[in-house]
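Student: Below are the structure tokens for one structure; questions will follow.
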Amino acid sequence: MKAPRRIRGVTPLFLLLLFLPSASPISDDQPSASRSKGHQCVGCVVIVSVITQLAQVHNSTVQASMERLCSYLPEKLFLKATCYLMVHMFGSDIIKLLDADMNADVVCHTLGLCQQDAGQPQCHLYPLPKKTWKFSLEKARHIVKTSGTLKYPRIGSDICSLPFLANICQKIKFSIKNAVPFKDVDSDKYSVFPTLRGYHWRGRDCNDSDKTVYPGRRPDNWDIHRDSNCNGIWGVDPKDGIPYEKKLCEGSQPRGVVLLGDSAGAHFHIPPEWLTASQMSVKTFFNLPTVLTDELNWPQLSGATGFLDSTSRIEEKSIYLNLRKRNRCNHRDYQNISRNGASSKNLQKLIKSFSRNQLLDHPAIIIYALVGNDVCSGRADPASGMTTPEQLYSSVMQTLQYLNSQLPNGSHVVFYGLPDGTFLWDHLHDRYHPLGQLNKDVTYAQFFAFLNCLEVSPCRGWMSSNATLRALTSERAEQLSKTLEKIAASKKFENFDLFYMDFAFKEIIAEWQKRGGQPWQLIEPVDGFHPNEVALLILADRFWKKMQLQWPQVLGKENPFNSKIEQVFGDQGGH
């Protein structure tokens with residue numbers, strides 16, 4: 001039996017659905033329409049759950065709960081306006097269903113946002129109704145079948161079909177597809193705008209009208225008249241007439257850091273307070289526009305290229321900040337070439353957004369950290385889609401050959417191996433997900449099962465109750481890691497040398513436990529999959545210390561003029 005009509009949207013939080021598919025592994029043989037429907041269902045269940053819990057926390061009506069949620073949203077990107085529009089169009093049906101004690105699963109199936117295909121299991125986040133599912137769904141459909149919402153125009157399956165959202169959606173989709181700044185006047189792949197792949201992702205441009213000016217280049221005529229490499233050091237010392245770049249940076253071996261990564265490297269993060277009704281206020285969603293235009297990532301706080309102080313208050317710094325501290329001539333020379341869903345199979349497209357000129361630029365440290373998607377997918381049979389060692393070898397060699405054609409001589413490439421992700425299930429399955437904390441009704445085991453049923457899990461292989469599947473996924477991850485280690489030990493290239501490091505998450509856990517922490521505190525609470533900011537920074541600290549101890553040549557010299565640079569140029573123009 002089909003729903004009487006399909007409602008495509010409840011609040012502007014459905015904008016998140018633009019990006020949820022890109023947070024999952026990209027698979028050429030997994031239909032995008034199927035993924036889109038699955039993420040649509042997840043989004044609906046999450047939002048209806050939040051509405052229900054807001055009413056519970058504030059002892060209010062469902063109508064008041066929806067209006068409260070809208071009032072929390074910012075004006076930017078038309079988020080607040082879109083929310084009120086959706087409440088006006090579809091709120092009455094949601095009110096009727098929730099007032100009839102239907103849970104979020106039933107509501108979303110009734111509205112057509114969750115669908116059960118023929119022969120497929122019934123996907124649900126919450127325990128099934130006491131009466132049969134079929135009975136509950138028929139009752140819910142009867143409740144809304146005379147609804148007046150049919151007179152309102154439908155917006156299709158894409159929130160971006162709303163005219164006033166089309167422009168921002170176009171910008172976001174452009175940035176996701178091309179992985180280069182949307183606002184880049186001189187087309188040098190650097191920007192003066194923070195999001196839409198701007199300087200949150202790569203060093204801020206200091207002249208967006210001149211493509212010969214950008215972070216990471218060798219100084220033009222020692223930057224006597226202009227700051228050609230955007231490191232904030234330029235001009236001539238009036239005491240002796242020597243250019244500051246020559247005096248303070250010559251021979252210091254400047255270099256940049258470039259991450260080739262996935263959603264973990266980009267620091268995928270959905271704040272748990274976005275889903276926690278008891279913690280919501282007008283301050284909760286203040287950064288939602290920024291996060292949406294950064295594809296639900298926070299690269300400015302990532303372990304590799306983060307340039308902002310940690311929000312977690314730990315002492316560890318990103319690899320970039322450590323490199324800058326070692327040599328302030330490295331200021332702004334970072335690139336986070338990461339994408340949600342990136343793997344060795346699709347890196348060839350992503351890497352084209354990387355920017356380095358062999359003749360004009362400084363060398364770079366390339367960190368190859370595709371740590372999950374070669375073994376992870378949401379498909380029903382994840383094992384069949386895993387990258388084989390032979391496939392990885394072929395893809396990586398293509399990547400290295402491309403890098404050799406782009407990187408200045410004296411660069412370095414560091415491989416990260418893949419982690420053993422069995423810690424996800426081990427440390428989370430019996431804990432409550434943020435959606436389940438209020439009523440103690442949703443564990444991570446339930447949340448994982450829901451995503452797996454919809455085939456939208458970021459990693460069914462590790463986020464599964466099937467111990468055999470978890471072990472199989474870790475076994476393949478180990479095989480791929482050994483392939484990378486073998487390449488690093490045996491292959492030589494003209495413009496860079498190769499190194500390999502284990503992604504030893506167990507060591508990160510051990511370090512965190514020494515500080516009195518618990519393993520689950522290192523995992524993103526909303527998706528239950530990604531390493532969080534603390535984990536990424538401890539991992540970055542481990543990387544830095546290993547380089548210092550074993551391969552100090554990768555890091556370059558410590559600049560003896562750092563204090564002089566700070567004295568003359570302060571924060572060097574900031575980030």
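The way I read the labels, and the way they are meant: chains A, B, ... in the order of the structure tokens, residue 1 as the first residue of every chain, and ligand 1 as the first ligand shown, with later ones counted on from there.
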Just the alpha helix (DSSP H) stuff from region 311-351 of chain A, please, per backbone DSSP, written as a VMD selection string.

Tutor: chain A and resid 319 to 326 347 to 350

Student: Keeping only N, CA and C atoms, write the selected residues to a file as a PDB file, in the first residue's frame.

Tutor:
ATOM      1  N   ILE A 319      49.500  18.984  12.723  1.00  0.00           N
ATOM      2  CA  ILE A 319      50.794  18.858  12.043  1.00  0.00           C
ATOM      3  C   ILE A 319      51.189  20.194  11.437  1.00  0.00           C
ATOM      4  N   TYR A 320      50.234  20.892  10.828  1.00  0.00           N
ATOM      5  CA  TYR A 320      50.544  22.200  10.244  1.00  0.00           C
ATOM      6  C   TYR A 320      51.028  23.188  11.299  1.00  0.00           C
ATOM      7  N   LEU A 321      50.337  23.285  12.430  1.00  0.00           N
ATOM      8  CA  LEU A 321      50.749  24.242  13.457  1.00  0.00           C
ATOM      9  C   LEU A 321      52.116  23.892  14.032  1.00  0.00           C
ATOM     10  N   ASN A 322      52.420  22.619  14.144  1.00  0.00           N
ATOM     11  CA  ASN A 322      53.759  22.220  14.584  1.00  0.00           C
ATOM     12  C   ASN A 322      54.811  22.607  13.547  1.00  0.00           C
ATOM     13  N   LEU A 323      54.465  22.431  12.275  1.00  0.00           N
ATOM     14  CA  LEU A 323      55.394  22.787  11.199  1.00  0.00           C
ATOM     15  C   LEU A 323      55.612  24.305  11.168  1.00  0.00           C
ATOM     16  N   ARG A 324      54.558  25.057  11.392  1.00  0.00           N
ATOM     17  CA  ARG A 324      54.663  26.516  11.441  1.00  0.00           C
ATOM     18  C   ARG A 324      55.482  26.961  12.647  1.00  0.00           C
ATOM     19  N   LYS A 325      55.276  26.306  13.777  1.00  0.00           N
ATOM     20  CA  LYS A 325      56.055  26.641  14.976  1.00  0.00           C
ATOM     21  C   LYS A 325      57.540  26.363  14.747  1.00  0.00           C
ATOM     22  N   ARG A 326      57.847  25.307  14.014  1.00  0.00           N
ATOM     23  CA  ARG A 326      59.228  24.931  13.730  1.00  0.00           C
ATOM     24  C   ARG A 326      59.891  25.947  12.797  1.00  0.00           C
ATOM     25  N   LEU A 347      40.487   8.634  -5.854  1.00  0.00           N
ATOM     26  CA  LEU A 347      41.440   9.696  -5.546  1.00  0.00           C
ATOM     27  C   LEU A 347      41.953  10.391  -6.802  1.00  0.00           C
ATOM     28  N   GLN A 348      41.978   9.695  -7.941  1.00  0.00           N
ATOM     29  CA  GLN A 348      42.532  10.280  -9.158  1.00  0.00           C
ATOM     30  C   GLN A 348      41.783  11.549  -9.564  1.00  0.00           C
ATOM     31  N   LYS A 349      40.494  11.618  -9.262  1.00  0.00           N
ATOM     32  CA  LYS A 349      39.716  12.829  -9.565  1.00  0.00           C
ATOM     33  C   LYS A 349      40.002  13.908  -8.531  1.00  0.00           C
ATOM     34  N   LEU A 350      40.032  13.520  -7.284  1.00  0.00           N
ATOM     35  CA  LEU A 350      40.222  14.484  -6.198  1.00  0.00           C
ATOM     36  C   LEU A 350      41.588  15.146  -6.257  1.00  0.00           C
TER      37      LEU A 350
END

Student: Show which residues sit within 6 Å of region 356-361 of chain A, as an mmCIF file with C-alpha atoms, in the first residue's frame. Count only C-alpha atoms, and ignore same-chain residues fewer than 5 positions away.

Tutor:
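Writing done, so here's out.cif:
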data_model
loop_
_atom_site.group_PDB
_atom_site.id
_atom_site.type_symbol
_atom_site.label_atom_id
_atom_site.label_comp_id
_atom_site.auth_asym_id
_atom_site.auth_seq_id
_atom_site.Cartn_x
_atom_site.Cartn_y
_atom_site.Cartn_z
ATOM 1 C CA GLY A 216 53.681 27.914 -0.642
ATOM 2 C CA ARG A 217 55.542 29.519 -3.510
ATOM 3 C CA ARG A 218 59.173 30.587 -3.394
ATOM 4 C CA GLN A 406 53.762 17.832 -9.701
ATOM 5 C CA LEU A 407 55.897 18.013 -6.562
ATOM 6 C CA PRO A 408 59.073 20.106 -6.275
#

Student: If we count only C-alpha atoms and set the cut-off at 6 Å, which residues sit around region 362-370 of chain A, ignoring sequence neighbours fewer than 3 positions away in its own chain? Please answer as number ranges by chain.

Tutor: A: 216-218, 255-262, 343, 408, 410-416

Student: Can you tell me, as a list in words, what residues are no more than 6 Å from Leu196 (chain A) when counting only C-alpha atoms, ignoring any on the same chain fewer than 3 positions away?

Tutor: Ser175, Pro181, Phe182, Thr293 and Asp294 of chain A

Student: Near region 505-522 of chain A, within 6 Å and counting only C-alpha atoms, which residues show up once chain neighbours fewer than 4 positions away are dropped, as a list of chain:residue names?

Tutor: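 My reading of the contact set: A:His427, A:Pro531, A:Asn532, A:Ala535.
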
Student: Please measure the separation of CA of Ser310 (chain A) and CA of Leu539 (chain A), giving the value in Å to one decimal.

Tutor: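 Separation of CA of Ser310 (chain A) and CA of Leu539 (chain A): 13.8 Å.
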
Student: List as number ranges by chain the protein and nucleic acid residues near Ser465 (chain A), meaning an atom at most 9 Å away when only C-alpha atoms are counted, but skip any in the same chain fewer than 4 places from it.

Tutor: A: 425, 429, 445, 448-449, 469-470

Student: Go ahead and write the selection's residues with N, CA and C atoms as a PDB file, in the first residue's frame.

Tutor:
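Once everything was written out, this is result_21.pdb:
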ATOM      1  N   TRP A 425      32.566  -1.060  17.459  1.00  0.00           N
ATOM      2  CA  TRP A 425      31.518  -1.882  18.061  1.00  0.00           C
ATOM      3  C   TRP A 425      31.854  -2.212  19.515  1.00  0.00           C
ATOM      4  N   HIS A 429      28.634  -0.246  21.237  1.00  0.00           N
ATOM      5  CA  HIS A 429      27.364  -0.903  20.919  1.00  0.00           C
ATOM      6  C   HIS A 429      26.339  -0.867  22.050  1.00  0.00           C
ATOM      7  N   ALA A 445      23.971   0.093  18.990  1.00  0.00           N
ATOM      8  CA  ALA A 445      23.654  -1.144  18.280  1.00  0.00           C
ATOM      9  C   ALA A 445      22.395  -0.958  17.438  1.00  0.00           C
ATOM     10  N   PHE A 448      23.264   1.572  14.552  1.00  0.00           N
ATOM     11  CA  PHE A 448      24.025   0.903  13.495  1.00  0.00           C
ATOM     12  C   PHE A 448      23.120   0.003  12.654  1.00  0.00           C
ATOM     13  N   ALA A 449      22.231  -0.733  13.323  1.00  0.00           N
ATOM     14  CA  ALA A 449      21.330  -1.646  12.607  1.00  0.00           C
ATOM     15  C   ALA A 449      20.404  -0.879  11.668  1.00  0.00           C
ATOM     16  N   LEU A 469      32.069 -10.615  10.279  1.00  0.00           N
ATOM     17  CA  LEU A 469      32.217  -9.539   9.318  1.00  0.00           C
ATOM     18  C   LEU A 469      33.198  -8.488   9.827  1.00  0.00           C
ATOM     19  N   ARG A 470      33.135  -8.176  11.105  1.00  0.00           N
ATOM     20  CA  ARG A 470      34.068  -7.195  11.665  1.00  0.00           C
ATOM     21  C   ARG A 470      35.509  -7.688  11.531  1.00  0.00           C
TER      22      ARG A 470
END

Student: In terms of the shortest atom-to-atom distance over only C-alpha atoms, which of A:Asn178, A:Ser318, A:Thr388, A:Thr305 is closest to Phe354 (chain A)?

Tutor: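 Checking each candidate against Phe354 (chain A), we get A:Asn178 as the closest.
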
Student: Find the spatial neighbours of Ala467 (chain A), counting only C-alpha atoms, within a cut-off of 12 Å - ignore same-chain residues fewer than 6 positions away - and output them as an MDAnalysis selection string.

Tutor: chainID A and resid 421:426 460:461 473:474

Student: If you keep C-alpha atoms, can you produce a file of those selected residues as a PDB file, in the first residue's frame?

Tutor:
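Final output, selection-v5.pdb:
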ATOM      1  CA  GLY A 421      38.034  -0.549  13.376  1.00  0.00           C
ATOM      2  CA  THR A 422      36.705  -3.291  15.630  1.00  0.00           C
ATOM      3  CA  PHE A 423      37.040  -0.804  18.503  1.00  0.00           C
ATOM      4  CA  LEU A 424      33.895   0.952  17.207  1.00  0.00           C
ATOM      5  CA  TRP A 425      31.518  -1.882  18.061  1.00  0.00           C
ATOM      6  CA  ASP A 426      33.499  -2.958  21.102  1.00  0.00           C
ATOM      7  CA  ARG A 460      28.805  -1.763   7.713  1.00  0.00           C
ATOM      8  CA  GLY A 461      31.850  -4.017   8.052  1.00  0.00           C
ATOM      9  CA  THR A 473      36.987  -6.110   7.505  1.00  0.00           C
ATOM     10  CA  SER A 474      39.985  -5.756   9.815  1.00  0.00           C
TER      11      SER A 474
END

Student: Nearest to Thr195 (chain A) among A:Asp240, A:Asp430, A:Asp571, A:Glu295, with distances taken over only C-alpha atoms: which residue is it?

Tutor: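 Answer, going by the shortest atom-to-atom distance: A:Glu295.
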
Student: In terms of the shortest atom-to-atom distance over only C-alpha atoms, which of A:Gln279, A:Ser263, A:Ser228, A:Asn297 is closest to Ser338 (chain A)?

Tutor: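 Among the listed residues, A:Ser263 lies closest to Ser338 (chain A).
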
Student: Looking at only C-alpha atoms, which of A:Leu454, A:Cys376, A:Leu111, A:Ala383 is the one that sits closest to Thr468 (chain A)?

Tutor: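 Among the listed residues, A:Ala383 lies closest to Thr468 (chain A).
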
Student: Suppose you want the space between CA of Cys206 (chain A) and CA of Lys239 (chain A); what is it in Å?

Tutor: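 The value is 26.5 Å.
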
Student: Pick out each residue of region 476-514 of chain A that DSSP on the backbone tags as strand (DSSP E); I need them as a VMD selection string.

Tutor: chain A and resid 496 to 501

Student: Return the single residue from A:Ile337, A:Cys44, A:Ser481, A:Arg332 that is closest to Leu308 (chain A), with distances computed using only C-alpha atoms.

Tutor: A:Arg332

Student: Which one is closest to Glu273 (chain A): A:Leu435, A:Ala488, A:Ile565, A:Ile242? Count only C-alpha atoms.

Tutor: A:Leu435

Student: Just to confirm, what's the straight-line distance from CA of Gly38 (chain A) to CA of Phe286 (chain A) in Å (one decimal)?

Tutor: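 About the pair CA of Gly38 (chain A) and CA of Phe286 (chain A): they are 27.4 Å apart.
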